[in-house]
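S.K.: Dumping the structure here so I can ask a few things about it.
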Amino acid sequence: MTELHLWLRHEVRTTERRTPVVPADARRLTESGVRLTVEESPQRIFPLEEYEAAGCHRAPTGSWVTAPPDTVILGLKELPYDPPALTHRHIFFGHAYKQQPGAADLLRRFAAGSGALLDLEYLVDDQGRRLAAFGFWAGYLGAALAVLQHRGRLGAPLRPTSKQELDAGLEPADGDEEFTALVVGALGRSGRGASAAFGAAGVAATGWDLAETRDLDRRALLGHDVMVNAVLATTPVPPFLRETDLDDPARRLRTLCDVTCDVGSPLNVLPVYDRTTDWTDPVRRLRKEPPLDLIAIDNLPSLLPRESSTDFSAALLPQLLDFAGTGPWQRCLDRFHQAGRELGIEEGEFRHD
Ligand SMILES: NC(=O)c1ccc[n+]([C@@H]2O[C@H](COP(=O)([O-])OP(=O)(O)OC[C@H]3O[C@@H](n4cnc5c(N)ncnc54)[C@H](O)[C@@H]3O)[C@@H](O)[C@H]2O)c1
């Protein structure tokens with residue numbers, strides 16, 4: 001069997017400091033016989049020297065385009081626009097199977113080069129459960145930012161930080177008023193992260209999941225000072241909040257953080273805003289009197305690049321060590337081919353099957 005050659009690429013987005021494989025796990029891979037090439041990257045949270053010490057080979061930024069054909073290119077987020085034809089197998093979050101903007105173009109680039117997308121969002125076990133995800137830290141950050149905003153301590157622009165620094169800011173200070181918090185989707189990865197961050201802030205948050213929202217009590221929801229939405233909606237449900245609820249005179253809710261960020265989707269449970277917020281302007285005021293502030297940032301885990309990379313890498317490692325296996329990666333490939341068929345791309349156009 002030929003040895004697996006993985007190629008960890010530089011991320012094109014300048015704010016993206018995360019990596020899918022951290023140096024300690026890189027060592028596990030090289031010690032297991034995997035050849036691992038790592039591109040130079042000015043913003044990656046782990047220095048290249050740590051990868052080299054773990055037995056990895058150094059390569060220039062963006063040089064994956066000329067990597068040997070059987071190399072598997074590993075990254076997290078979007079590829080650069082060049083080259084137009086993708087010839088390799090690529091592991092990353094393609095965001096290409098739900099008719100997202102640019103999705104069809106990306107799949108056509110793979111078809112043009114006979115490459116393949118092994119999408120990390122579709123790396124699942126035989127029960128369909130995601131094997132590697134960033135949800136916990138998304139929820140942790142979402143609740144942490146909500147706490148800081150509610151206590152009047154959220155600065156802008158946001159910048160990547162460490163858990164230690166973040167937690168120091170979450171400790172209650174003299175004069176901080178007590179408040180109540182609600183996490184919806186509390187049993188999920190993001191929901192557990194949100195509850196943990198509230199705990200670090202000295203707040204015992206109420207947790208709701210499917211059972212508690214089946215017969216939704218909006219009055220009870222509006223009775224909390226802070227709410228974090230962390231659901232993963234798969235079928236449309238009645239919205240948790242509507243415009244009229246924001247004008248309810250009984251509303252206590254002052255700070256709303258939407259980790260889910262399904263804005264614009266038919267599955268959106270918070271159709272009370274029309275665009276996400278970002279690191280530069282993390283908060284938008286939805287109502288003046290009484291105030292209601294929204295935080296809806298769609299790249300939260302990037303704010304804790306070290307911790308979120310370390311957890312993600314630990315979950316991905318066993319899958320990379322079993323890359324030749326027929327389970328999860330084959331399902332990824334099948335899903336890719338299905339997406340191609342849905343776009344009318346012929347199966348024969350794909351070399352990697
Ligand atoms: N903002 C970001 O940066 C960011 C990052 C990662 C994930 N996310 C998003 O966060 C969401 C949650 O991701 P996750 O990994 O925690 O998912 P998950 O599957 O681990 O958890 C989702 C939870 O939501 C619950 N749920 C679903 N529908 C519900 C409903 N109607 N009422 C109450 N609970 C409901 C589920 O039972 C589950 O416990 C996803 O939409 C994901 O895309 C956002």
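Please note that chains go A, B, ... in the order of the structure tokens, that every chain numbers its residues from 1, and that ligands are numbered from 1 in the order shown.
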Using only C-alpha atoms and all ligand atoms, determine which residues fall within 8 Å of ligand 1, then list them as a PyMOL selection string.
M.R.: chain A and resi 133-139+142+184-192+208-214+230-235+237+258-262+269+296-302
S.K.: Keeping C-alpha atoms for every residue in the selection just given, could you write it to a file as a PDB file, in the first residue's frame?
M.R.:
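The result, written out as again.pdb:
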ATOM      1  CA  ALA A 133     -16.540  19.741  14.898  1.00  0.00           C
ATOM      2  CA  PHE A 134     -15.848  23.154  16.395  1.00  0.00           C
ATOM      3  CA  GLY A 135     -19.230  23.537  18.100  1.00  0.00           C
ATOM      4  CA  PHE A 136     -18.146  23.499  21.746  1.00  0.00           C
ATOM      5  CA  TRP A 137     -15.884  26.526  21.329  1.00  0.00           C
ATOM      6  CA  ALA A 138     -18.462  28.335  19.190  1.00  0.00           C
ATOM      7  CA  GLY A 139     -20.903  28.084  22.075  1.00  0.00           C
ATOM      8  CA  GLY A 142     -20.945  33.020  22.037  1.00  0.00           C
ATOM      9  CA  VAL A 184     -31.355  26.817  23.744  1.00  0.00           C
ATOM     10  CA  GLY A 185     -29.900  23.702  22.129  1.00  0.00           C
ATOM     11  CA  ALA A 186     -28.281  23.042  25.502  1.00  0.00           C
ATOM     12  CA  LEU A 187     -27.590  19.329  24.914  1.00  0.00           C
ATOM     13  CA  GLY A 188     -25.525  19.910  21.772  1.00  0.00           C
ATOM     14  CA  ARG A 189     -21.836  20.715  21.374  1.00  0.00           C
ATOM     15  CA  SER A 190     -22.341  24.490  21.167  1.00  0.00           C
ATOM     16  CA  GLY A 191     -24.952  24.421  23.904  1.00  0.00           C
ATOM     17  CA  ARG A 192     -22.599  22.622  26.280  1.00  0.00           C
ATOM     18  CA  TRP A 208     -33.556  24.072  26.929  1.00  0.00           C
ATOM     19  CA  ASP A 209     -33.381  21.487  24.179  1.00  0.00           C
ATOM     20  CA  LEU A 210     -35.999  19.785  21.987  1.00  0.00           C
ATOM     21  CA  ALA A 211     -38.224  18.738  24.883  1.00  0.00           C
ATOM     22  CA  GLU A 212     -38.486  22.274  26.258  1.00  0.00           C
ATOM     23  CA  THR A 213     -39.182  24.036  22.946  1.00  0.00           C
ATOM     24  CA  ARG A 214     -41.746  21.566  21.621  1.00  0.00           C
ATOM     25  CA  ALA A 230     -27.227  27.087  19.794  1.00  0.00           C
ATOM     26  CA  VAL A 231     -29.705  24.793  18.040  1.00  0.00           C
ATOM     27  CA  LEU A 232     -28.972  22.792  14.935  1.00  0.00           C
ATOM     28  CA  ALA A 233     -32.291  22.999  13.126  1.00  0.00           C
ATOM     29  CA  THR A 234     -32.928  20.309  10.543  1.00  0.00           C
ATOM     30  CA  THR A 235     -36.641  20.896   9.945  1.00  0.00           C
ATOM     31  CA  VAL A 237     -40.038  24.928  13.589  1.00  0.00           C
ATOM     32  CA  ASP A 258     -27.228  33.627  17.974  1.00  0.00           C
ATOM     33  CA  VAL A 259     -24.515  31.003  17.618  1.00  0.00           C
ATOM     34  CA  THR A 260     -26.562  29.145  15.014  1.00  0.00           C
ATOM     35  CA  CYS A 261     -26.566  32.104  12.567  1.00  0.00           C
ATOM     36  CA  ASP A 262     -29.118  30.612  10.144  1.00  0.00           C
ATOM     37  CA  VAL A 269     -35.475  30.185  14.500  1.00  0.00           C
ATOM     38  CA  ALA A 296     -24.443  36.925  15.607  1.00  0.00           C
ATOM     39  CA  ILE A 297     -20.903  36.078  14.547  1.00  0.00           C
ATOM     40  CA  ASP A 298     -20.449  33.122  12.217  1.00  0.00           C
ATOM     41  CA  ASN A 299     -16.745  32.420  12.858  1.00  0.00           C
ATOM     42  CA  LEU A 300     -16.631  32.294  16.640  1.00  0.00           C
ATOM     43  CA  PRO A 301     -14.135  29.409  17.172  1.00  0.00           C
ATOM     44  CA  SER A 302     -11.480  31.357  15.241  1.00  0.00           C
TER      45      SER A 302
END
S.K.: Show me, as a ChimeraX atom specification, the residues that have an atom within 7 Å of stretch 332-341 of chain A when counting only C-alpha atoms, minus same-chain residues fewer than 2 positions from it.
M.R.: /A:97,107,117-119,122-123,328-330,343-347
S.K.: Go ahead and save the picked residues with N, CA and C atoms, as a PDB file, in the first residue's frame.
M.R.:
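After the write, result.pdb holds the following:
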ATOM      1  N   TYR A  97     -22.767  21.939  -0.325  1.00  0.00           N
ATOM      2  CA  TYR A  97     -23.837  20.982  -0.604  1.00  0.00           C
ATOM      3  C   TYR A  97     -25.231  21.511  -0.270  1.00  0.00           C
ATOM      4  N   LEU A 107     -17.717  22.992  -6.949  1.00  0.00           N
ATOM      5  CA  LEU A 107     -17.871  21.602  -7.406  1.00  0.00           C
ATOM      6  C   LEU A 107     -17.447  21.454  -8.862  1.00  0.00           C
ATOM      7  N   LEU A 117     -13.645  16.455  -3.216  1.00  0.00           N
ATOM      8  CA  LEU A 117     -13.809  17.151  -1.938  1.00  0.00           C
ATOM      9  C   LEU A 117     -14.236  16.140  -0.886  1.00  0.00           C
ATOM     10  N   LEU A 118     -13.462  16.048   0.187  1.00  0.00           N
ATOM     11  CA  LEU A 118     -13.853  15.233   1.343  1.00  0.00           C
ATOM     12  C   LEU A 118     -14.222  16.247   2.420  1.00  0.00           C
ATOM     13  N   ASP A 119     -15.512  16.555   2.478  1.00  0.00           N
ATOM     14  CA  ASP A 119     -15.971  17.693   3.280  1.00  0.00           C
ATOM     15  C   ASP A 119     -16.058  17.324   4.759  1.00  0.00           C
ATOM     16  N   TYR A 122     -19.215  16.540   6.595  1.00  0.00           N
ATOM     17  CA  TYR A 122     -19.897  15.284   6.285  1.00  0.00           C
ATOM     18  C   TYR A 122     -19.066  14.074   6.689  1.00  0.00           C
ATOM     19  N   LEU A 123     -18.066  14.311   7.521  1.00  0.00           N
ATOM     20  CA  LEU A 123     -17.273  13.205   8.074  1.00  0.00           C
ATOM     21  C   LEU A 123     -18.038  12.702   9.301  1.00  0.00           C
ATOM     22  N   PRO A 328     -15.996   6.387   7.242  1.00  0.00           N
ATOM     23  CA  PRO A 328     -16.296   7.822   7.145  1.00  0.00           C
ATOM     24  C   PRO A 328     -15.795   8.498   5.864  1.00  0.00           C
ATOM     25  N   TRP A 329     -14.576   8.208   5.432  1.00  0.00           N
ATOM     26  CA  TRP A 329     -14.060   8.906   4.241  1.00  0.00           C
ATOM     27  C   TRP A 329     -14.808   8.467   3.000  1.00  0.00           C
ATOM     28  N   GLN A 330     -15.202   7.192   2.960  1.00  0.00           N
ATOM     29  CA  GLN A 330     -15.985   6.737   1.809  1.00  0.00           C
ATOM     30  C   GLN A 330     -17.342   7.448   1.784  1.00  0.00           C
ATOM     31  N   LEU A 343     -25.850  18.366  -9.484  1.00  0.00           N
ATOM     32  CA  LEU A 343     -25.524  19.499 -10.374  1.00  0.00           C
ATOM     33  C   LEU A 343     -25.444  19.074 -11.833  1.00  0.00           C
ATOM     34  N   GLY A 344     -25.681  17.784 -12.083  1.00  0.00           N
ATOM     35  CA  GLY A 344     -25.624  17.301 -13.456  1.00  0.00           C
ATOM     36  C   GLY A 344     -24.211  17.035 -13.940  1.00  0.00           C
ATOM     37  N   ILE A 345     -23.268  16.850 -12.996  1.00  0.00           N
ATOM     38  CA  ILE A 345     -21.894  16.542 -13.401  1.00  0.00           C
ATOM     39  C   ILE A 345     -21.761  15.026 -13.520  1.00  0.00           C
ATOM     40  N   GLU A 346     -21.206  14.575 -14.639  1.00  0.00           N
ATOM     41  CA  GLU A 346     -21.105  13.135 -14.878  1.00  0.00           C
ATOM     42  C   GLU A 346     -20.130  12.472 -13.914  1.00  0.00           C
ATOM     43  N   GLU A 347     -20.494  11.280 -13.413  1.00  0.00           N
ATOM     44  CA  GLU A 347     -19.623  10.533 -12.501  1.00  0.00           C
ATOM     45  C   GLU A 347     -18.245  10.300 -13.092  1.00  0.00           C
TER      46      GLU A 347
END
S.K.: Return the single residue from A:Leu106, A:Val183, A:Cys56, A:Ala168 that is closest to A:Pro23, with distances computed using only C-alpha atoms.
M.R.: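 For A:Pro23, the nearest of the candidates is A:Cys56.
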S.K.: Please provide the set of residues having any atom within 6 Å of stretch 60-74 of chain A, restricted to only C-alpha atoms, with same-chain residues fewer than 5 positions apart removed, written as number ranges by chain.
M.R.: A: 5-8, 10, 39-40, 88-91
S.K.: Quick one: write out the picked residues with C-alpha atoms as a CSV table (one decimal), in the first residue's frame?
M.R.:
chain,number,residue,atom,x,y,z
A,5,HIS,CA,0.9,11.9,1.9
A,6,LEU,CA,-1.0,14.7,3.7
A,7,TRP,CA,-0.3,18.4,2.8
A,8,LEU,CA,-1.4,20.9,5.4
A,10,HIS,CA,-2.0,27.8,4.5
A,39,GLU,CA,3.0,25.0,4.3
A,40,GLU,CA,4.5,28.2,5.7
A,88,HIS,CA,-6.2,16.6,-5.8
A,89,ARG,CA,-8.3,15.2,-3.0
A,90,HIS,CA,-9.0,18.0,-0.6
A,91,ILE,CA,-10.2,17.8,3.0
S.K.: Using backbone DSSP assignments, extract all alpha helix (DSSP H) residues from stretch 83-241 of chain A; output them as a ChimeraX atom specification.
M.R.: /A:103-113,135-150,163-170,189-200,210-213,218-222
S.K.: Could you please take those selected residues and save C-alpha atoms as an mmCIF file, in the first residue's frame?
M.R.:
data_model
loop_
_atom_site.group_PDB
_atom_site.id
_atom_site.type_symbol
_atom_site.label_atom_id
_atom_site.label_comp_id
_atom_site.auth_asym_id
_atom_site.auth_seq_id
_atom_site.Cartn_x
_atom_site.Cartn_y
_atom_site.Cartn_z
ATOM 1 C CA ALA A 103 -21.038 26.120 -4.144
ATOM 2 C CA ALA A 104 -21.653 25.125 -7.759
ATOM 3 C CA ASP A 105 -18.479 26.891 -8.911
ATOM 4 C CA LEU A 106 -16.408 24.973 -6.368
ATOM 5 C CA LEU A 107 -17.871 21.602 -7.406
ATOM 6 C CA ARG A 108 -17.259 22.411 -11.063
ATOM 7 C CA ARG A 109 -13.618 23.195 -10.271
ATOM 8 C CA PHE A 110 -13.316 19.699 -8.806
ATOM 9 C CA ALA A 111 -15.000 18.188 -11.830
ATOM 10 C CA ALA A 112 -12.726 20.151 -14.180
ATOM 11 C CA GLY A 113 -9.604 18.735 -12.529
ATOM 12 C CA GLY A 135 -19.230 23.537 18.100
ATOM 13 C CA PHE A 136 -18.146 23.499 21.746
ATOM 14 C CA TRP A 137 -15.884 26.526 21.329
ATOM 15 C CA ALA A 138 -18.462 28.335 19.190
ATOM 16 C CA GLY A 139 -20.903 28.084 22.075
ATOM 17 C CA TYR A 140 -18.270 28.960 24.653
ATOM 18 C CA LEU A 141 -17.327 32.113 22.747
ATOM 19 C CA GLY A 142 -20.945 33.020 22.037
ATOM 20 C CA ALA A 143 -21.914 32.937 25.699
ATOM 21 C CA ALA A 144 -18.669 34.633 26.770
ATOM 22 C CA LEU A 145 -19.258 37.538 24.384
ATOM 23 C CA ALA A 146 -22.870 37.794 25.542
ATOM 24 C CA VAL A 147 -21.746 37.974 29.191
ATOM 25 C CA LEU A 148 -19.139 40.633 28.420
ATOM 26 C CA GLN A 149 -21.665 42.688 26.457
ATOM 27 C CA HIS A 150 -24.301 42.342 29.162
ATOM 28 C CA LYS A 163 -9.140 30.728 27.085
ATOM 29 C CA GLN A 164 -7.126 31.929 30.052
ATOM 30 C CA GLU A 165 -7.440 35.565 28.984
ATOM 31 C CA LEU A 166 -11.095 35.142 28.097
ATOM 32 C CA ASP A 167 -11.942 33.480 31.413
ATOM 33 C CA ALA A 168 -10.167 36.226 33.354
ATOM 34 C CA GLY A 169 -12.565 38.710 31.759
ATOM 35 C CA LEU A 170 -15.558 36.537 32.635
ATOM 36 C CA ARG A 189 -21.836 20.715 21.374
ATOM 37 C CA SER A 190 -22.341 24.490 21.167
ATOM 38 C CA GLY A 191 -24.952 24.421 23.904
ATOM 39 C CA ARG A 192 -22.599 22.622 26.280
ATOM 40 C CA GLY A 193 -19.895 25.139 25.464
ATOM 41 C CA ALA A 194 -22.281 28.013 26.154
ATOM 42 C CA SER A 195 -23.313 26.557 29.515
ATOM 43 C CA ALA A 196 -19.634 26.105 30.432
ATOM 44 C CA ALA A 197 -18.856 29.755 29.654
ATOM 45 C CA PHE A 198 -21.821 30.933 31.714
ATOM 46 C CA GLY A 199 -20.465 28.736 34.514
ATOM 47 C CA ALA A 200 -17.057 30.432 34.205
ATOM 48 C CA LEU A 210 -35.999 19.785 21.987
ATOM 49 C CA ALA A 211 -38.224 18.738 24.883
ATOM 50 C CA GLU A 212 -38.486 22.274 26.258
ATOM 51 C CA THR A 213 -39.182 24.036 22.946
ATOM 52 C CA ARG A 218 -42.059 32.619 24.666
ATOM 53 C CA ARG A 219 -42.959 34.476 27.835
ATOM 54 C CA ALA A 220 -40.513 32.312 29.779
ATOM 55 C CA LEU A 221 -37.912 32.852 27.069
ATOM 56 C CA LEU A 222 -38.376 36.637 27.188
#
S.K.: With only C-alpha atoms as the counted atoms, please give the residues lying no more than 6 Å from A:Cys257, apart from itself and same-chain residues fewer than 5 positions off, as an NGL selection string.
M.R.: :A and (228 or 294-296)
S.K.: What gap, in Å, lies between atom CA of A:His95 and atom CA of A:Leu76?
M.R.: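 Between atom CA of A:His95 and atom CA of A:Leu76 the gap is 10.8 Å.
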S.K.: Just the strand (DSSP E) stuff from stretch 93-171 of chain A, please, per backbone DSSP, written as a list of chain:residue names.
M.R.: A:Ala116, A:Leu117, A:Leu118, A:Asp119
S.K.: Generate the output file for the selected residues, N, CA and C atoms, as a compact mmCIF listing (two decimals), in the first residue's frame.
M.R.:
# COMPACT_ATOMS: atom_id res chain seq x y z
N ALA A 116 -11.33 15.70 -5.83
CA ALA A 116 -12.46 15.31 -4.97
C ALA A 116 -12.45 16.14 -3.69
N LEU A 117 -13.64 16.45 -3.22
CA LEU A 117 -13.81 17.15 -1.94
C LEU A 117 -14.24 16.14 -0.89
N LEU A 118 -13.46 16.05 0.19
CA LEU A 118 -13.85 15.23 1.34
C LEU A 118 -14.22 16.25 2.42
N ASP A 119 -15.51 16.56 2.48
CA ASP A 119 -15.97 17.69 3.28
C ASP A 119 -16.06 17.32 4.76
S.K.: When you look at A:Phe179 with a cut-off of 12 Å (counting only C-alpha atoms), what residues show up, excluding the ones that are within fewer than 6 positions of it in the same chain? I need them as a list in words.
M.R.: Ala146, Val147, His150, Arg151, Pro172, Phe198, Ala201, Gly202, Val203, Ala204, Ala205, Thr206, Gly223, His224, Asp225, Val226, Met227, Arg252, Leu253, Arg254 and Thr255 of chain A
S.K.: Nearest residue to A:Ala315 out of A:Arg130, A:Pro249, A:Thr180, A:Trp279, using only C-alpha atoms?
M.R.: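 With only C-alpha atoms as the atom set, the closest residue is A:Arg130.
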